[in-house]
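Colleague: My questions will all concern the structure given below.
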Amino acid sequence: RVFDAEVIGLDEPSDLALLKLEASDLPYVEFGDSDAVRVGDWVLAIGSPFGLEFSAAAGIVSAKGRVLPGAEYMPFLQTDVPVNPGNSGGPLFNLKGEVIGINSQIYSRSGGYMGISFAIPIDEAMRVTEQLKATGKVTRGRIAVAIGDVTKEVADSLGLGRARGALVGSVEPGGPAEKAGIEAGDIILKFNRQTVSNPSDLQGVVERLRVGKTYPVDLSRDGKPMTLE
């Protein structure tokens, strides 16, 4: 069946939109918990690759929390499911038949599938659509810092035990981080009591937080632990 739909809101950074249509007796699928997905779990993608409608393809979850260039706000699920042009926007199911992702991108040098595909986690999609439903737009937190990986050498020199956290490369003047007292060279280990194992963890935590509130930041400065607000 074909319906006219109203666009409630669009969010370009996540490549998601919320549509509303008037209809009855629509079939629907249940949403799963994408945070609970484990690397190695079997998944199934349904879509229309190259216009071949209602095609199913299977694979496993290869990695979680992948941050891609130009899509820094989205911690993608990486899979090895054969996803091709025409699969975008289709559901990614777990073995219970629950939707855990929305197939979104592929890595390819040929334009076709090369063993790496990416899906928007359904938990992230729901966070976006809930904001679109409430206000028609999406607001994301930022603390105004440039961050990078913590190398093993840096971790050893500061006595961290292992490479972890997000290294602050620079702090934007007048931004939330500067006002809190964060400095270049700091290593952020926890944000709002959530562990930061790498820079993508920090991005994910910060962008989900409500703008205008105060949150604790646990960091290491010259090897010494500190907590700022």
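Simple scheme: letters A, B, ... for chains in structure tokens order, numbers from 1 for residues in each chain, numbers from 1 for ligands in the order shown.
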I need the residues in region 70-192 of chain A that are strand (DSSP E or B) according to DSSP; give them as a PyMOL selection string.
Modeller: chain A and resi 71-79+91-93+99-106+117-121+145-149+166-171+187-191
Colleague: Do you know which residues are at most 12 Å from Gly204 (chain A) counting only C-alpha atoms, after dropping those on the same chain fewer than 6 positions away, and could you put them as a list in words?
Modeller: Gly65, Arg66, Val67, Ala71, Glu72, Tyr73, Met74, Pro75, Phe76, Glu124, Arg140, Gly141, Arg142, Phe191, Asn192, Gln194, Thr195, Val196, Ser197 and Asn198 of chain A
Colleague: In region 126-190 of chain A, what's alpha helix (DSSP H) per DSSP? Answer as a list in words?
Modeller: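 Filtering region 126-190 of chain A down to alpha helix (DSSP H) leaves Met126, Arg127, Val128, Thr129, Glu130, Gln131, Leu132, Lys133, Ala134, Thr135, Lys152, Glu153, Val154, Ala155, Asp156, Ser157, Leu158, Pro176, Ala177, Glu178, Lys179 and Ala180 of chain A.
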Colleague: Name the closest residue to Tyr113 (chain A) among the candidates A:Leu228, A:Val83, A:Met126, A:Ala184; distances are taken between atoms, counting only C-alpha atoms.
Modeller: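 Of A:Leu228, A:Val83, A:Met126, A:Ala184, the one nearest Tyr113 (chain A), counting only C-alpha atoms, is A:Val83.
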Colleague: Excluding Phe93 (chain A) and its own-chain neighbours fewer than 2 positions away, which residues fall within 12 Å of it when counting only C-alpha atoms? Please give them as JSON, numbers by chain.
Modeller: {"A": [29, 30, 31, 32, 33, 34, 37, 41, 42, 43, 44, 45, 46, 47, 56, 57, 58, 59, 60, 61, 79, 81, 90, 91, 95, 96, 97, 98, 99, 100, 101, 102, 103, 119, 121, 122]}
Colleague: Atoms to include: N, CA and C atoms. Write the selected residues as a tab-separated table (two decimals), in the first residue's frame.
Modeller:
```tsv
chain	number	residue	atom	x	y	z
A	29	VAL	N	6.83	-4.05	13.53
A	29	VAL	CA	7.84	-4.90	14.16
A	29	VAL	C	8.19	-4.33	15.53
A	30	GLU	N	8.70	-5.20	16.39
A	30	GLU	CA	9.10	-4.77	17.73
A	30	GLU	C	10.55	-4.29	17.71
A	31	PHE	N	10.85	-3.31	18.57
A	31	PHE	CA	12.22	-2.83	18.72
A	31	PHE	C	12.93	-3.63	19.79
A	32	GLY	N	14.21	-3.93	19.56
A	32	GLY	CA	15.04	-4.59	20.55
A	32	GLY	C	15.91	-3.59	21.27
A	33	ASP	N	16.92	-4.07	21.97
A	33	ASP	CA	17.84	-3.25	22.75
A	33	ASP	C	19.20	-3.29	22.07
A	34	SER	N	19.54	-2.24	21.33
A	34	SER	CA	20.81	-2.25	20.60
A	34	SER	C	22.01	-2.14	21.53
A	37	VAL	N	23.32	-5.59	22.36
A	37	VAL	CA	23.90	-6.40	21.28
A	37	VAL	C	25.37	-6.65	21.57
A	41	ASP	N	27.06	-11.50	17.57
A	41	ASP	CA	25.64	-11.85	17.46
A	41	ASP	C	25.22	-11.92	15.99
A	42	TRP	N	24.38	-12.89	15.66
A	42	TRP	CA	23.84	-13.00	14.31
A	42	TRP	C	22.75	-11.96	14.09
A	43	VAL	N	22.73	-11.38	12.89
A	43	VAL	CA	21.73	-10.37	12.54
A	43	VAL	C	21.26	-10.61	11.11
A	44	LEU	N	20.09	-10.05	10.79
A	44	LEU	CA	19.47	-10.21	9.48
A	44	LEU	C	19.05	-8.85	8.96
A	45	ALA	N	19.41	-8.55	7.72
A	45	ALA	CA	19.02	-7.29	7.09
A	45	ALA	C	17.98	-7.56	6.01
A	46	ILE	N	16.97	-6.70	5.94
A	46	ILE	CA	15.96	-6.79	4.89
A	46	ILE	C	15.92	-5.47	4.14
A	47	GLY	N	15.89	-5.54	2.81
A	47	GLY	CA	15.86	-4.34	2.00
A	47	GLY	C	15.64	-4.65	0.54
A	56	ALA	N	16.56	-10.66	1.90
A	56	ALA	CA	17.12	-10.84	3.24
A	56	ALA	C	18.57	-11.28	3.13
A	57	ALA	N	19.41	-10.79	4.02
A	57	ALA	CA	20.82	-11.17	4.06
A	57	ALA	C	21.23	-11.30	5.52
A	58	ALA	N	22.10	-12.27	5.81
A	58	ALA	CA	22.49	-12.55	7.19
A	58	ALA	C	23.98	-12.29	7.40
A	59	GLY	N	24.35	-12.05	8.65
A	59	GLY	CA	25.74	-11.86	9.02
A	59	GLY	C	25.85	-11.74	10.53
A	60	ILE	N	26.96	-11.19	10.99
A	60	ILE	CA	27.17	-10.99	12.42
A	60	ILE	C	27.51	-9.52	12.70
A	61	VAL	N	27.39	-9.15	13.97
A	61	VAL	CA	27.85	-7.84	14.41
A	61	VAL	C	29.37	-7.89	14.52
A	79	THR	N	28.63	-4.35	10.84
A	79	THR	CA	28.29	-5.74	10.58
A	79	THR	C	29.00	-6.23	9.32
A	81	VAL	N	27.05	-8.04	7.27
A	81	VAL	CA	25.87	-8.38	6.47
A	81	VAL	C	26.03	-7.77	5.07
A	90	GLY	N	16.55	0.19	5.59
A	90	GLY	CA	15.92	-1.08	5.93
A	90	GLY	C	16.30	-1.52	7.33
A	91	PRO	N	15.52	-2.44	7.92
A	91	PRO	CA	15.77	-2.86	9.30
A	91	PRO	C	16.87	-3.90	9.41
A	95	LEU	N	18.02	-12.24	16.23
A	95	LEU	CA	17.41	-13.55	15.98
A	95	LEU	C	16.04	-13.71	16.65
A	96	LYS	N	15.64	-12.73	17.46
A	96	LYS	CA	14.29	-12.73	18.03
A	96	LYS	C	13.29	-12.03	17.12
A	97	GLY	N	13.78	-11.50	15.98
A	97	GLY	CA	12.90	-10.75	15.09
A	97	GLY	C	12.68	-9.32	15.53
A	98	GLU	N	13.53	-8.82	16.45
A	98	GLU	CA	13.43	-7.44	16.92
A	98	GLU	C	14.37	-6.55	16.12
A	99	VAL	N	13.93	-5.34	15.81
A	99	VAL	CA	14.78	-4.40	15.09
A	99	VAL	C	15.80	-3.80	16.05
A	100	ILE	N	17.08	-3.98	15.74
A	100	ILE	CA	18.14	-3.41	16.58
A	100	ILE	C	18.92	-2.33	15.85
A	101	GLY	N	18.62	-2.11	14.55
A	101	GLY	CA	19.34	-1.09	13.81
A	101	GLY	C	18.65	-0.74	12.51
A	102	ILE	N	19.10	0.36	11.91
A	102	ILE	CA	18.64	0.79	10.60
A	102	ILE	C	19.85	0.82	9.68
A	103	ASN	N	19.85	-0.03	8.66
A	103	ASN	CA	20.99	-0.11	7.75
A	103	ASN	C	21.20	1.23	7.06
A	119	ALA	N	25.06	0.20	10.59
A	119	ALA	CA	23.65	0.43	10.92
A	119	ALA	C	23.53	1.40	12.08
A	121	PRO	N	22.14	2.31	15.45
A	121	PRO	CA	21.53	1.55	16.55
A	121	PRO	C	20.11	2.06	16.82
A	122	ILE	N	19.18	1.16	17.05
A	122	ILE	CA	17.79	1.57	17.21
A	122	ILE	C	17.60	2.43	18.44
```
Colleague: Between A:Glu207, A:Gly40, A:Ala155, A:Thr135, single out the one closest to Ser14 (chain A), counting only C-alpha atoms.
Modeller: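 Ranked by minimum distance to Ser14 (chain A), first place goes to A:Glu207.
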Colleague: Nearest to Val150 (chain A) among A:Gln203, A:Ser220, A:Ser62, A:Ser88, with distances taken over only C-alpha atoms: which residue is it?
Modeller: A:Ser220
Colleague: Find the residues near Asp15 (chain A): any atom within 10 Å, counting only C-alpha atoms, skip ones fewer than 3 places away on the same chain, and give them as an NGL selection string.
Modeller: :A and (10-12 or 71 or 74 or 89 or 104 or 120 or 125)
Colleague: Go through A:Pro85, A:Gly169, A:Pro69, A:Gly9 and flag the residue nearest Asp186 (chain A), using only C-alpha atoms for the distances.
Modeller: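 Checking each of A:Pro85, A:Gly169, A:Pro69, A:Gly9 against Asp186 (chain A), counting only C-alpha atoms, the winner is A:Gly169.
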Colleague: Just the residues within 12 Å of Gly181 (chain A), please, counting only C-alpha atoms, with nothing from its chain fewer than 6 positions along; format it as number ranges by chain.
Modeller: A: 143, 145, 171-175, 216-219, 221, 226-229
Colleague: I need the residues from that last selection saved to file as a compact mmCIF listing (two decimals), in the first residue's frame (with N, CA, C and O atoms), if you can.
Modeller:
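Dumped to result.txt:
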```
# COMPACT_ATOMS: atom_id res chain seq x y z
N ILE A 143 30.88 20.08 24.60
CA ILE A 143 31.67 20.75 25.63
C ILE A 143 32.79 21.59 25.03
O ILE A 143 33.54 22.23 25.75
N VAL A 145 35.66 20.90 22.97
CA VAL A 145 37.06 20.50 23.02
C VAL A 145 37.39 19.68 21.79
O VAL A 145 36.51 19.06 21.19
N VAL A 171 41.10 23.41 23.82
CA VAL A 171 39.86 23.82 24.47
C VAL A 171 39.39 25.12 23.82
O VAL A 171 40.14 26.08 23.72
N GLU A 172 38.14 25.14 23.38
CA GLU A 172 37.59 26.31 22.71
C GLU A 172 37.35 27.43 23.72
O GLU A 172 36.69 27.22 24.75
N PRO A 173 37.88 28.63 23.45
CA PRO A 173 37.68 29.74 24.40
C PRO A 173 36.20 30.04 24.61
O PRO A 173 35.42 30.11 23.67
N GLY A 174 35.82 30.20 25.88
CA GLY A 174 34.46 30.55 26.22
C GLY A 174 33.48 29.40 26.23
O GLY A 174 32.30 29.59 26.54
N GLY A 175 33.95 28.20 25.91
CA GLY A 175 33.07 27.04 25.86
C GLY A 175 32.86 26.42 27.23
O GLY A 175 33.50 26.78 28.21
N PRO A 216 29.43 15.99 36.36
CA PRO A 216 30.79 15.75 36.84
C PRO A 216 31.69 15.16 35.77
O PRO A 216 31.24 14.34 34.96
N VAL A 217 32.95 15.59 35.76
CA VAL A 217 33.95 15.08 34.82
C VAL A 217 35.15 14.59 35.62
O VAL A 217 35.77 15.37 36.35
N ASP A 218 35.45 13.30 35.50
CA ASP A 218 36.64 12.74 36.15
C ASP A 218 37.77 12.70 35.13
O ASP A 218 37.59 12.14 34.03
N LEU A 219 38.92 13.27 35.49
CA LEU A 219 40.02 13.32 34.54
C LEU A 219 41.35 13.12 35.24
O LEU A 219 41.45 13.13 36.47
N ARG A 221 45.20 14.76 35.21
CA ARG A 221 46.02 15.90 34.77
C ARG A 221 47.43 15.70 35.32
O ARG A 221 47.63 15.68 36.54
N MET A 226 41.42 14.17 39.07
CA MET A 226 40.67 15.37 39.42
C MET A 226 39.21 15.17 39.04
O MET A 226 38.90 14.38 38.13
N THR A 227 38.33 15.87 39.73
CA THR A 227 36.92 15.87 39.35
C THR A 227 36.48 17.33 39.24
O THR A 227 36.64 18.12 40.15
N LEU A 228 35.93 17.66 38.06
CA LEU A 228 35.43 19.00 37.79
C LEU A 228 33.93 18.92 37.52
O LEU A 228 33.37 17.86 37.30
N GLU A 229 33.29 20.09 37.52
CA GLU A 229 31.86 20.15 37.22
C GLU A 229 31.64 20.93 35.94
O GLU A 229 32.18 22.01 35.78
```
Colleague: Here is a test: counting only C-alpha atoms, which residue of A:Lys20, A:Lys213, A:Arg208, A:Lys64 is nearest to Arg127 (chain A)?
Modeller: A:Arg208
